[in-house]
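Quick look at upload_27.txt (compact mmCIF, C-alpha atoms):
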```txt
# COMPACT_ATOMS: atom_id res chain seq x y z
CA MET Y 30 -14.83 19.86 4.09
CA ARG Y 31 -11.58 17.97 3.90
CA PHE Y 32 -9.52 15.65 6.01
CA GLN Y 33 -8.12 17.54 8.93
CA LEU Y 34 -5.07 16.38 10.80
CA LYS Y 35 -3.66 17.77 14.00
CA ILE Y 36 -1.00 16.72 16.45
CA LEU Y 37 -2.42 16.27 19.92
CA SER Y 38 -1.48 19.17 22.13
CA VAL Y 39 0.55 17.16 24.63
CA PHE Y 40 3.43 15.51 22.81
CA GLY Y 41 4.43 12.09 24.04
CA LEU Y 42 1.85 12.17 26.87
CA ILE Y 43 -1.71 11.11 26.15
CA THR Y 44 -4.30 9.54 28.39
CA ALA Y 45 -5.67 6.36 26.86
CA THR Y 46 -9.31 6.56 25.86
CA PRO Y 47 -11.26 3.54 27.07
CA CYS Y 48 -12.49 1.31 24.28
CA ILE Y 49 -16.21 0.68 24.25
CA ALA Y 50 -17.50 -2.73 23.22
CA GLY Y 51 -15.94 -3.71 19.86
CA PRO Y 52 -17.08 -2.33 16.50
CA ALA Y 53 -20.85 -2.01 16.33
CA ALA Y 54 -22.43 -4.89 14.43
CA GLU Y 55 -23.24 -2.64 11.46
CA TYR Y 56 -19.53 -1.90 10.97
CA ALA Y 57 -17.98 -5.22 12.00
CA ALA Y 58 -17.68 -6.75 8.52
CA ALA Y 59 -16.24 -3.59 6.96
CA VAL Y 60 -13.75 -3.16 9.81
CA ALA Y 61 -12.63 -6.79 9.52
CA GLU Y 62 -12.14 -6.31 5.77
CA ALA Y 63 -10.16 -3.11 6.37
CA GLU Y 64 -7.86 -4.88 8.83
CA ALA Y 65 -7.30 -7.90 6.58
CA ARG Y 66 -6.75 -5.85 3.43
CA GLY Y 67 -4.46 -3.37 5.18
CA ALA Y 68 -2.30 -6.23 6.48
CA GLN Y 69 -2.15 -7.74 3.01
CA LEU Y 70 -1.15 -4.43 1.44
CA PHE Y 71 1.59 -3.95 4.00
CA ALA Y 72 2.94 -7.48 3.47
CA TYR Y 73 3.09 -7.03 -0.32
CA ASP Y 74 4.65 -3.58 0.01
CA GLN Y 75 7.29 -4.90 2.41
CA ALA Y 76 8.08 -7.83 0.12
CA ALA Y 77 8.61 -5.47 -2.82
CA TRP Y 78 10.82 -3.16 -0.77
CA HIS Y 79 13.13 -5.78 0.72
CA ALA Y 80 13.33 -7.86 -2.44
CA THR Y 81 14.31 -4.72 -4.38
CA ASP Y 82 17.13 -4.09 -1.90
CA SER Y 83 18.39 -7.67 -2.46
CA PHE Y 84 18.04 -7.37 -6.22
CA GLN Y 85 20.04 -4.15 -6.31
CA ALA Y 86 22.73 -5.68 -4.10
CA ASP Y 87 22.97 -8.69 -6.44
CA ILE Y 88 23.20 -6.40 -9.45
CA ALA Y 89 26.13 -4.56 -7.84
CA ARG Y 90 27.91 -7.82 -6.90
CA LYS Y 91 27.67 -9.05 -10.47
CA GLY Y 92 29.04 -5.78 -11.80
CA PHE Y 93 25.85 -4.87 -13.66
CA ARG Y 94 24.32 -1.42 -13.85
CA LEU Y 95 20.68 -0.94 -12.89
CA ASP Y 96 20.07 1.64 -15.60
CA ASN Y 97 21.35 -0.79 -18.26
CA LEU Y 98 18.92 -3.59 -17.41
CA PRO Y 99 16.08 -2.42 -19.69
CA ALA Y 100 18.38 -2.42 -22.73
CA GLN Y 101 20.39 -5.47 -21.64
CA TRP Y 102 17.56 -7.79 -20.60
CA GLY Y 103 14.38 -5.97 -21.45
CA ALA Y 104 13.75 -5.46 -17.75
CA GLU Y 105 10.29 -4.04 -17.07
CA GLY Y 106 9.61 -4.28 -13.34
CA TYR Y 107 8.59 -6.66 -10.59
CA ILE Y 108 5.52 -8.47 -9.33
CA VAL Y 109 4.80 -9.96 -5.90
CA GLU Y 110 2.65 -13.08 -5.65
CA PRO Y 111 1.87 -15.72 -3.03
CA ALA Y 112 4.56 -18.33 -2.39
CA SER Y 113 3.24 -20.09 0.72
CA ASP Y 114 1.11 -19.42 3.76
CA ASP Y 115 3.77 -17.24 5.38
CA ALA Y 116 5.89 -16.04 2.45
CA LEU Y 117 5.63 -14.08 -0.77
CA SER Y 118 7.59 -14.34 -4.00
CA ALA Y 119 8.94 -11.18 -5.64
CA THR Y 120 9.91 -11.67 -9.29
CA PHE Y 121 11.84 -9.13 -11.34
CA PHE Y 122 10.93 -9.68 -14.96
CA GLY Y 123 11.75 -8.62 -18.46
CA ARG Y 124 10.37 -9.14 -21.94
CA LYS Y 125 12.05 -11.21 -24.64
CA ASP Y 126 10.62 -12.13 -28.04
CA GLY Y 127 7.31 -10.61 -26.99
CA ARG Y 128 6.99 -12.69 -23.80
CA HIS Y 129 7.68 -11.99 -20.15
CA TYR Y 130 10.38 -13.96 -18.38
CA ALA Y 131 11.83 -13.96 -14.87
CA ILE Y 132 15.24 -12.34 -14.36
CA ALA Y 133 15.48 -12.82 -10.59
CA ARG Y 134 13.21 -14.10 -7.85
CA TYR Y 135 13.26 -13.72 -4.06
CA THR Y 136 11.23 -15.30 -1.28
CA VAL Y 137 10.25 -12.84 1.45
CA SER Y 138 8.64 -13.47 4.82
CA GLY Y 139 7.67 -10.28 6.62
CA SER Y 140 10.69 -8.01 6.25
CA THR Y 141 13.18 -10.86 5.77
CA VAL Y 142 14.43 -12.11 2.42
CA LYS Y 143 14.68 -15.86 2.90
CA GLY Y 144 16.51 -16.57 -0.34
CA GLY Y 145 16.65 -16.07 -4.07
CA GLY Y 146 18.69 -14.32 -6.69
CA PHE Y 147 19.28 -14.27 -10.42
CA LEU Y 148 17.80 -17.20 -12.33
CA GLU Y 149 19.74 -19.41 -14.68
CA GLY Y 150 18.89 -19.53 -18.37
CA ASN Y 151 18.29 -15.91 -19.39
CA GLY Y 152 14.82 -15.75 -20.90
CA ALA Y 153 13.94 -19.36 -20.16
CA THR Y 154 11.90 -18.93 -16.96
CA ALA Y 155 8.30 -18.08 -17.74
CA LEU Y 156 6.05 -16.24 -15.31
CA SER Y 157 3.09 -17.92 -13.67
CA PRO Y 158 -0.43 -17.24 -15.02
CA VAL Y 159 -1.21 -15.42 -11.77
CA ALA Y 160 1.81 -13.15 -12.22
CA GLU Y 161 0.84 -12.44 -15.83
CA SER Y 162 -2.69 -11.46 -14.80
CA MET Y 163 -1.34 -9.19 -12.06
CA ILE Y 164 1.03 -7.47 -14.48
CA ALA Y 165 -1.87 -6.86 -16.86
CA ALA Y 166 -3.98 -5.46 -14.02
CA ARG Y 167 -1.24 -3.05 -12.98
CA ARG Y 168 -0.85 -1.84 -16.56
CA ALA Y 169 -4.61 -1.30 -16.86
CA ALA Y 170 -4.74 0.53 -13.51
CA ILE Y 171 -1.96 2.91 -14.51
CA GLU Y 172 -3.79 3.64 -17.75
CA ALA Y 173 -7.06 4.24 -15.87
CA PHE Y 174 -5.23 6.49 -13.40
CA SER Y 175 -3.79 8.56 -16.24
CA LYS Y 176 -7.31 9.15 -17.61
CA SER Y 177 -8.87 10.01 -14.25
CA ASP Y 178 -8.92 13.24 -12.28
CA PHE Y 179 -6.92 11.58 -9.50
CA GLY Y 180 -3.63 13.16 -8.53
CA LEU Y 181 -0.64 12.18 -6.41
CA CYS Y 182 0.33 14.17 -3.33
CA SER Y 183 4.11 14.21 -3.73
CA ARG Y 184 6.59 14.64 -6.53
CA GLY Y 185 8.00 11.16 -5.98
CA PRO Y 186 7.10 8.31 -8.33
CA ALA Y 187 3.89 6.46 -7.50
CA ASN Y 188 4.09 3.16 -5.65
CA THR Y 189 1.84 0.33 -6.76
CA VAL Y 190 0.61 -2.76 -4.97
CA VAL Y 191 -1.15 -5.43 -7.00
CA LEU Y 192 -3.06 -8.05 -5.04
CA PRO Y 193 -3.53 -11.53 -6.50
CA PRO Y 194 -6.92 -12.50 -7.96
CA ASN Y 195 -9.46 -13.77 -5.46
CA ALA Y 196 -11.47 -16.96 -5.84
CA GLN Y 197 -13.71 -15.24 -8.40
CA GLY Y 198 -10.72 -14.02 -10.42
CA GLN Y 199 -11.19 -10.39 -9.36
CA SER Y 200 -8.08 -8.26 -8.83
CA ALA Y 201 -7.34 -5.02 -6.98
CA VAL Y 202 -4.55 -2.57 -7.78
CA TYR Y 203 -3.57 0.25 -5.44
CA ILE Y 204 -1.65 3.33 -6.54
CA PHE Y 205 0.00 5.12 -3.62
CA THR Y 206 1.60 8.51 -3.25
CA SER Y 207 5.19 7.83 -2.22
CA THR Y 208 6.96 9.13 0.86
CA THR Y 209 9.70 11.62 0.01
CA VAL Y 210 10.65 13.04 3.43
CA ALA Y 211 11.57 10.91 6.46
CA GLY Y 212 8.98 11.24 9.21
CA ILE Y 213 6.25 12.49 6.89
CA TYR Y 214 3.75 10.00 5.49
CA PRO Y 215 1.06 10.99 2.99
CA ALA Y 216 -2.51 10.39 4.16
CA GLY Y 217 -3.98 11.38 0.81
CA GLY Y 218 -3.22 10.52 -2.78
CA HIS Y 219 -4.00 6.80 -2.54
CA PHE Y 220 -6.34 5.06 -5.00
CA ARG Y 221 -7.86 1.65 -5.74
CA PHE Y 222 -8.80 0.05 -9.07
CA ASP Y 223 -10.83 -3.17 -9.23
CA PHE Y 224 -10.92 -5.57 -12.18
CA ASP Y 225 -13.14 -8.54 -12.95
CA ALA Y 226 -11.96 -11.97 -14.08
CA ASP Y 227 -11.84 -10.76 -17.70
CA GLY Y 228 -9.57 -7.85 -16.82
CA LYS Y 229 -12.31 -5.23 -17.18
CA LEU Y 230 -12.18 -2.23 -14.86
CA VAL Y 231 -15.34 -2.40 -12.72
CA SER Y 232 -14.67 0.30 -10.11
CA GLN Y 233 -12.18 2.87 -8.97
CA ARG Y 234 -12.02 5.14 -5.96
CA ARG Y 235 -10.05 7.70 -4.03
CA PHE Y 236 -9.72 7.40 -0.25
CA MET Y 237 -9.36 11.08 0.51
CA LYS Y 238 -10.58 14.20 -1.25
CA SER Y 239 -7.38 16.18 -0.81
CA CYS Y 240 -3.74 15.88 0.14
CA PHE Y 241 -2.58 15.92 3.73
CA ASP Y 242 0.63 14.67 5.28
CA ILE Y 243 1.00 12.87 8.59
CA ASP Y 244 4.03 14.57 10.12
CA THR Y 245 5.47 12.54 13.00
CA ARG Y 246 8.76 14.40 13.30
CA GLY Y 247 7.60 16.37 16.34
CA ARG Y 248 9.00 19.63 17.62
CA ASP Y 249 11.07 20.88 20.54
CA GLY Y 250 12.45 17.38 21.03
CA LYS Y 251 9.00 15.88 21.55
CA THR Y 252 7.10 13.58 19.22
CA PRO Y 253 3.34 13.13 18.90
CA ALA Y 254 1.73 10.19 20.67
CA ALA Y 255 -1.32 10.23 18.41
CA ILE Y 256 -2.76 12.05 15.43
CA VAL Y 257 -6.40 12.92 14.82
CA MET Y 258 -7.95 13.00 11.37
CA THR Y 259 -11.49 13.23 10.03
CA HIS Y 260 -12.72 10.92 7.29
CA LEU Y 261 -15.57 11.89 5.00
CA LEU Y 262 -15.96 9.06 2.49
CA ASP Y 263 -16.78 6.00 4.62
CA PRO Y 264 -18.60 5.36 7.93
CA GLN Y 265 -15.61 3.42 9.29
CA PRO Y 266 -11.84 3.31 8.72
CA THR Y 267 -10.71 1.73 5.46
CA GLU Y 268 -7.79 -0.44 4.41
CA ILE Y 269 -5.83 2.75 3.74
CA HIS Y 270 -6.08 3.76 7.40
CA THR Y 271 -4.87 0.34 8.52
CA PHE Y 272 -2.13 0.27 5.88
CA VAL Y 273 -0.92 3.74 6.83
CA SER Y 274 -0.98 2.78 10.52
CA TYR Y 275 1.68 0.13 9.87
CA ASN Y 276 3.93 2.86 8.46
CA VAL Y 277 3.69 5.50 11.18
CA PRO Y 278 4.91 5.27 14.80
CA VAL Y 279 1.76 6.82 16.30
CA GLU Y 280 -1.85 5.86 16.87
CA LEU Y 281 -4.37 7.30 14.44
CA TYR Y 282 -7.67 8.63 15.75
CA VAL Y 283 -10.14 8.60 12.86
CA ALA Y 284 -13.38 10.58 13.19
CA THR Y 285 -15.82 9.35 10.55
CA THR Y 286 -18.24 12.19 9.94
CA SER Y 287 -21.14 10.32 8.32
CA SER Y 288 -21.47 7.88 11.23
CA LYS Y 289 -20.39 10.38 13.92
CA THR Y 290 -17.96 7.79 15.21
CA LEU Y 291 -14.43 7.99 16.62
CA TRP Y 292 -12.01 5.13 15.99
CA ALA Y 293 -8.44 4.31 16.98
CA VAL Y 294 -6.16 2.58 14.47
CA ARG Y 295 -2.74 1.27 15.45
CA LYS Y 296 -0.55 -1.27 13.65
CA GLY Y 297 -3.44 -2.44 11.52
CA LYS Y 298 -5.98 -2.92 14.33
CA VAL Y 299 -9.16 -0.86 14.60
CA ARG Y 300 -10.95 0.00 17.86
CA LEU Y 301 -14.25 1.80 18.28
CA LEU Y 302 -13.83 4.58 20.83
CA ASP Y 303 -17.05 6.55 20.74
CA LYS Y 304 -20.26 6.88 18.76
CA ARG Y 305 -22.61 9.88 18.92
CA ASN Y 306 -26.33 9.54 18.24
```
If you took the structure in this file and wrote it as structure tokens, what would it be?
Amino acid sequence: MRFQLKILSVFGLITATPCIAGPAAEYAAAVAEAEARGAQLFAYDQAAWHATDSFQADIARKGFRLDNLPAQWGAEGYIVEPASDDALSATFFGRKDGRHYAIARYTVSGSTVKGGGFLEGNGATALSPVAESMIAARRAAIEAFSKSDFGLCSRGPANTVVLPPNAQGQSAVYIFTSTTVAGIYPAGGHFRFDFDADGKLVSQRRFMKSCFDIDTRGRDGKTPAAIVMTHLLDPQPTEIHTFVSYNVPVELYVATTSSKTLWAVRKGKVRLLDKRN
């Protein structure tokens, strides 16, 4: 079996299914984790996206060329880390004399860049220990991905989201298949790598056994109101379902086969619709 996705037969017109009493107790903790992690992934992904737009605009204003930055400054990439309760910090960094340093930094809240830009003193601004650990985790995840049997579901470059270490020093890195066509969002080709406080890979997983795209472009001038998909690997929706739901303009109906349960996921929130005995 594989994930199956279909557009509901009546485009733009769907009768709401009544929600039965909250997630069953046996799923409540996992659902809460999926919602929280999906929101966190979306926030970090948004921060990277909008900070990159600002960085590229600043590069153009200064008369620099993006493709020259690796040779000019040793530019290697970016990392997003916590800045405050409601904002994230996106740092574009390079390597000089064997050490990382910050080239530019932006503060992002939601989809708004609050401030930032190029930093003074080329090579003088060191990265935080948290940022350094996240960079190392991303590098290790990419290496693990290259040695696995995992595969992306588009020809675009992979997107990565690195989450900061938790209270126990454990880190999670997600490698996502990128979107290459407007209106089509990949449901498969997303992976997670977990590391302990010493940087050792302790687990890795796929979230879908095959590739399948969520196509929301519609047809005949009508767009889908909801999309149905089956999920084989977990008894409830995961953080990937909630993350994807932030990126598509439709509600996702997720049928989890092992628990014989139907769920609705919209903008990061999960509702239990039906459970069969």
- [ ] Quick one: everything within 6 Å of region 240-254 of chain Y, counting only C-alpha atoms, minus sequence neighbours fewer than 6 positions away in the same chain. Send it as an MDAnalysis selection string.
- [x] chainID Y and resid 40:41 182 212:217 279
Open item on the list: Could you list, as a PyMOL selection string, every residue within 12 Å of Thr259 (chain Y), counting only C-alpha atoms and ignoring same-chain residues fewer than 3 positions away?
Closed with: chain Y and resi 30-35+216+236-239+241+256+262-266+270+281-293
TODO: Would you kindly return, as a PyMOL selection string, each protein, DNA or RNA residue with an atom no farther than 8 Å from any atom of region 119-134 of chain Y, considering only C-alpha atoms and excluding same-chain residues fewer than 2 positions away?
DONE: chain Y and resi 76-77+80+84+99+102-110+117+136-137+145-148+151-156
Open item on the list: I need the residue nearest Asp303 (chain Y) from this list: Y:Ala53, Y:Leu95, Y:His260, Y:Glu62. Use only C-alpha atoms for the distance.
Closed with: Y:Ala53
TODO: Fewer than 2 positions away in the same chain doesn't count, so skip those; otherwise give me all residues within 9 Å of region 218-222 of chain Y, counting all atoms listed in the file, as number ranges by chain.
DONE: Y: 166, 169-170, 173-174, 179-183, 200-207, 215-216, 224, 230-241, 269
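Checking Y:Val277, Y:Ala116, Y:Met258, Y:Ala160 one by one against Lys143 (chain Y), counting all atoms listed in the file, you find the shortest gap at Y:Ala116.
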- [ ] Could you check how far CA of Val257 (chain Y) sits from CA of Val60 (chain Y), in Å to one decimal?
- [x]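 Taking CA of Val257 (chain Y) as the start and CA of Val60 (chain Y) as the end point, the length is 18.4 Å.
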Open item on the list: Report, in Å with one decimal, the straight-line distance from CA of Arg167 (chain Y) to CA of Val191 (chain Y).
Closed with: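 Spanning CA of Arg167 (chain Y) to CA of Val191 (chain Y) is a straight-line distance of 6.4 Å.
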- [ ] Tell me which of Y:Leu192, Y:Asp114, Y:Arg90, Y:Tyr73 sits closest to Ser140 (chain Y), counting all atoms listed in the file.
- [x]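 With all atoms listed in the file as the atom set, the closest residue is Y:Tyr73.
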Open item on the list: Rounded to one decimal, what separation in Å do you get between CA of Phe71 (chain Y) and CA of Asp225 (chain Y)?
Closed with: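 It comes out at 22.9 Å.
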Open item on the list: I need the residue nearest Gln85 (chain Y) from this list: Y:Leu98, Y:Ser162, Y:Arg300, Y:Arg168. Use only C-alpha atoms for the distance.
Closed with: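 Smallest separation from Gln85 (chain Y) among the options: Y:Leu98.
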Task: Nearest-residue call for Ala196 (chain Y), choices Y:Val299, Y:Leu70, Y:Ala226, Y:Ala63, using only C-alpha atoms - done: Y:Ala226
TODO: Considering only C-alpha atoms, state which residue in the set Y:Asp74, Y:Asp115, Y:Asp223, Y:Asp82 is at the smallest distance from Phe272 (chain Y).
DONE: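 Of the candidates, the smallest distance to Phe272 (chain Y) is held by Y:Asp74.
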